[in-house]
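Participant: I'd like to ask some things about the structure below.
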Amino acid sequence: MDIAGPGGVDAAIASGLDLDGTPIPAEMVALYNEVMELESQRSRSGVKKSMRNRIVKTGSKHFDQASLDARLKAAGWDGLKDKEIAFFYS
């Protein structure tokens, strides 16, 4: 299964197949769907905060710490927080 981008994983989950083509156990899919449904009902505190959180989570996979910190600041957000550095870069 050739999957790319953030929607690709969602498509794989919806199909019930892992990226290697093996079935995802129904119990795993059910729990995932339950948690995502609960998350969809949670109140949000702001779009910019959610954007920053996504950038940090995903950006840490693609940028070194100094680059991501500088890019966040250049875009107008706060730089990386100590807890983010510890979690994503340790």
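Every chain in the structure tokens has a letter given in the order shown (A, B, ...), and although residue numbers restart at 1 in each chain, ligands are simply numbered from 1 in the order shown.
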Run DSSP on the backbone of this structure and report the residues of region 4-87 of chain A it assigns to alpha helix (DSSP H), as a PyMOL selection string.

Facilitator: chain A and resi 6-15+26-40+47-59+65-75+82-87

Participant: Mind checking which residues fall within 10 Å of Gly79 (chain A), counting only C-alpha atoms, ignoring those fewer than 2 positions away in the same chain, and posting them as a list in words?

Facilitator: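 Non-adjacent residues within range: Arg52, Val56, Ala66, Leu68, Asp69, Ala70, Arg71, Leu72, Lys73, Ala74, Ala75, Gly76, Trp77, Lys81, Asp82 and Glu84 of chain A.
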
Participant: Could you list, as number ranges by chain, every residue within 10 Å of Met28 (chain A), counting only C-alpha atoms and ignoring same-chain residues fewer than 6 positions away?

Facilitator: A: 13, 16, 34

Participant: Would you mind exporting all heavy atoms of the selected residues as a PDB file, in the first residue's frame?

Facilitator:
```
ATOM      1  N   ILE A  13      -6.477   3.441   7.743  1.00  0.00           N
ATOM      2  CA  ILE A  13      -7.302   3.044   8.891  1.00  0.00           C
ATOM      3  C   ILE A  13      -8.725   2.743   8.437  1.00  0.00           C
ATOM      4  O   ILE A  13      -9.317   1.734   8.833  1.00  0.00           O
ATOM      5  CB  ILE A  13      -7.283   4.132   9.979  1.00  0.00           C
ATOM      6  CG1 ILE A  13      -5.871   4.255  10.573  1.00  0.00           C
ATOM      7  CG2 ILE A  13      -8.312   3.829  11.077  1.00  0.00           C
ATOM      8  CD1 ILE A  13      -5.658   5.497  11.413  1.00  0.00           C
ATOM      9  N   GLY A  16      -8.983  -0.487   6.936  1.00  0.00           N
ATOM     10  CA  GLY A  16      -8.703  -1.589   7.848  1.00  0.00           C
ATOM     11  C   GLY A  16      -7.437  -2.338   7.514  1.00  0.00           C
ATOM     12  O   GLY A  16      -7.223  -3.449   7.988  1.00  0.00           O
ATOM     13  N   GLU A  34     -13.215   5.277  18.489  1.00  0.00           N
ATOM     14  CA  GLU A  34     -13.842   5.809  19.703  1.00  0.00           C
ATOM     15  C   GLU A  34     -13.089   7.031  20.216  1.00  0.00           C
ATOM     16  O   GLU A  34     -13.689   8.063  20.534  1.00  0.00           O
ATOM     17  CB  GLU A  34     -13.891   4.729  20.788  1.00  0.00           C
ATOM     18  CG  GLU A  34     -14.509   5.206  22.085  1.00  0.00           C
ATOM     19  CD  GLU A  34     -14.476   4.164  23.195  1.00  0.00           C
ATOM     20  OE1 GLU A  34     -14.129   2.987  22.931  1.00  0.00           O
ATOM     21  OE2 GLU A  34     -14.793   4.539  24.335  1.00  0.00           O
TER      22      GLU A  34
END
```

Participant: For Phe87 (chain A), list every protein, DNA or RNA residue within 12 Å, evaluated using only C-alpha atoms, and leave out those in the same chain fewer than 6 positions away; present the list as a list in words.

Facilitator: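 The residues that qualify are Val56, Lys57, Ser60, Lys61, Gln65, Leu80 and Lys81 of chain A.
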
Participant: Please produce an output containing N, CA and C atoms for each residue in the selection, written as a PDB file, in the first residue's frame.

Facilitator:
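part-v5.pdb written:
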```
ATOM      1  N   VAL A  56       4.974  21.602  15.592  1.00  0.00           N
ATOM      2  CA  VAL A  56       6.016  21.078  16.477  1.00  0.00           C
ATOM      3  C   VAL A  56       6.058  19.554  16.391  1.00  0.00           C
ATOM      4  N   LYS A  57       4.908  18.924  16.469  1.00  0.00           N
ATOM      5  CA  LYS A  57       4.851  17.463  16.455  1.00  0.00           C
ATOM      6  C   LYS A  57       5.412  16.902  15.150  1.00  0.00           C
ATOM      7  N   SER A  60       9.243  18.311  14.101  1.00  0.00           N
ATOM      8  CA  SER A  60      10.380  17.708  14.808  1.00  0.00           C
ATOM      9  C   SER A  60      10.896  16.465  14.095  1.00  0.00           C
ATOM     10  N   LYS A  61      10.098  15.890  13.210  1.00  0.00           N
ATOM     11  CA  LYS A  61      10.526  14.727  12.429  1.00  0.00           C
ATOM     12  C   LYS A  61      11.325  15.154  11.200  1.00  0.00           C
ATOM     13  N   GLN A  65      16.420  20.666  15.866  1.00  0.00           N
ATOM     14  CA  GLN A  65      15.869  21.519  16.924  1.00  0.00           C
ATOM     15  C   GLN A  65      16.081  23.004  16.643  1.00  0.00           C
ATOM     16  N   LEU A  80      10.520  26.799  20.614  1.00  0.00           N
ATOM     17  CA  LEU A  80      10.277  25.530  21.292  1.00  0.00           C
ATOM     18  C   LEU A  80      10.370  25.687  22.804  1.00  0.00           C
ATOM     19  N   LYS A  81       9.453  25.042  23.502  1.00  0.00           N
ATOM     20  CA  LYS A  81       9.437  25.053  24.963  1.00  0.00           C
ATOM     21  C   LYS A  81      10.321  23.909  25.466  1.00  0.00           C
TER      22      LYS A  81
END
```

Participant: A:Gly21, A:Gln41, A:Ser15, A:Phe88: which is nearest Ile55 (chain A), counting only C-alpha atoms?

Facilitator: A:Phe88

Participant: Between CA of Glu27 (chain A) and CA of Gly7 (chain A), measure the distance and give it in Å to one decimal.

Facilitator: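 It comes out at 21.5 Å.
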
Participant: Grab the CA of Arg54 (chain A) to CA of Pro6 (chain A) distance for me, in Å with one decimal place.

Facilitator: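 Calculated distance between CA of Arg54 (chain A) and CA of Pro6 (chain A) is 11.2 Å.
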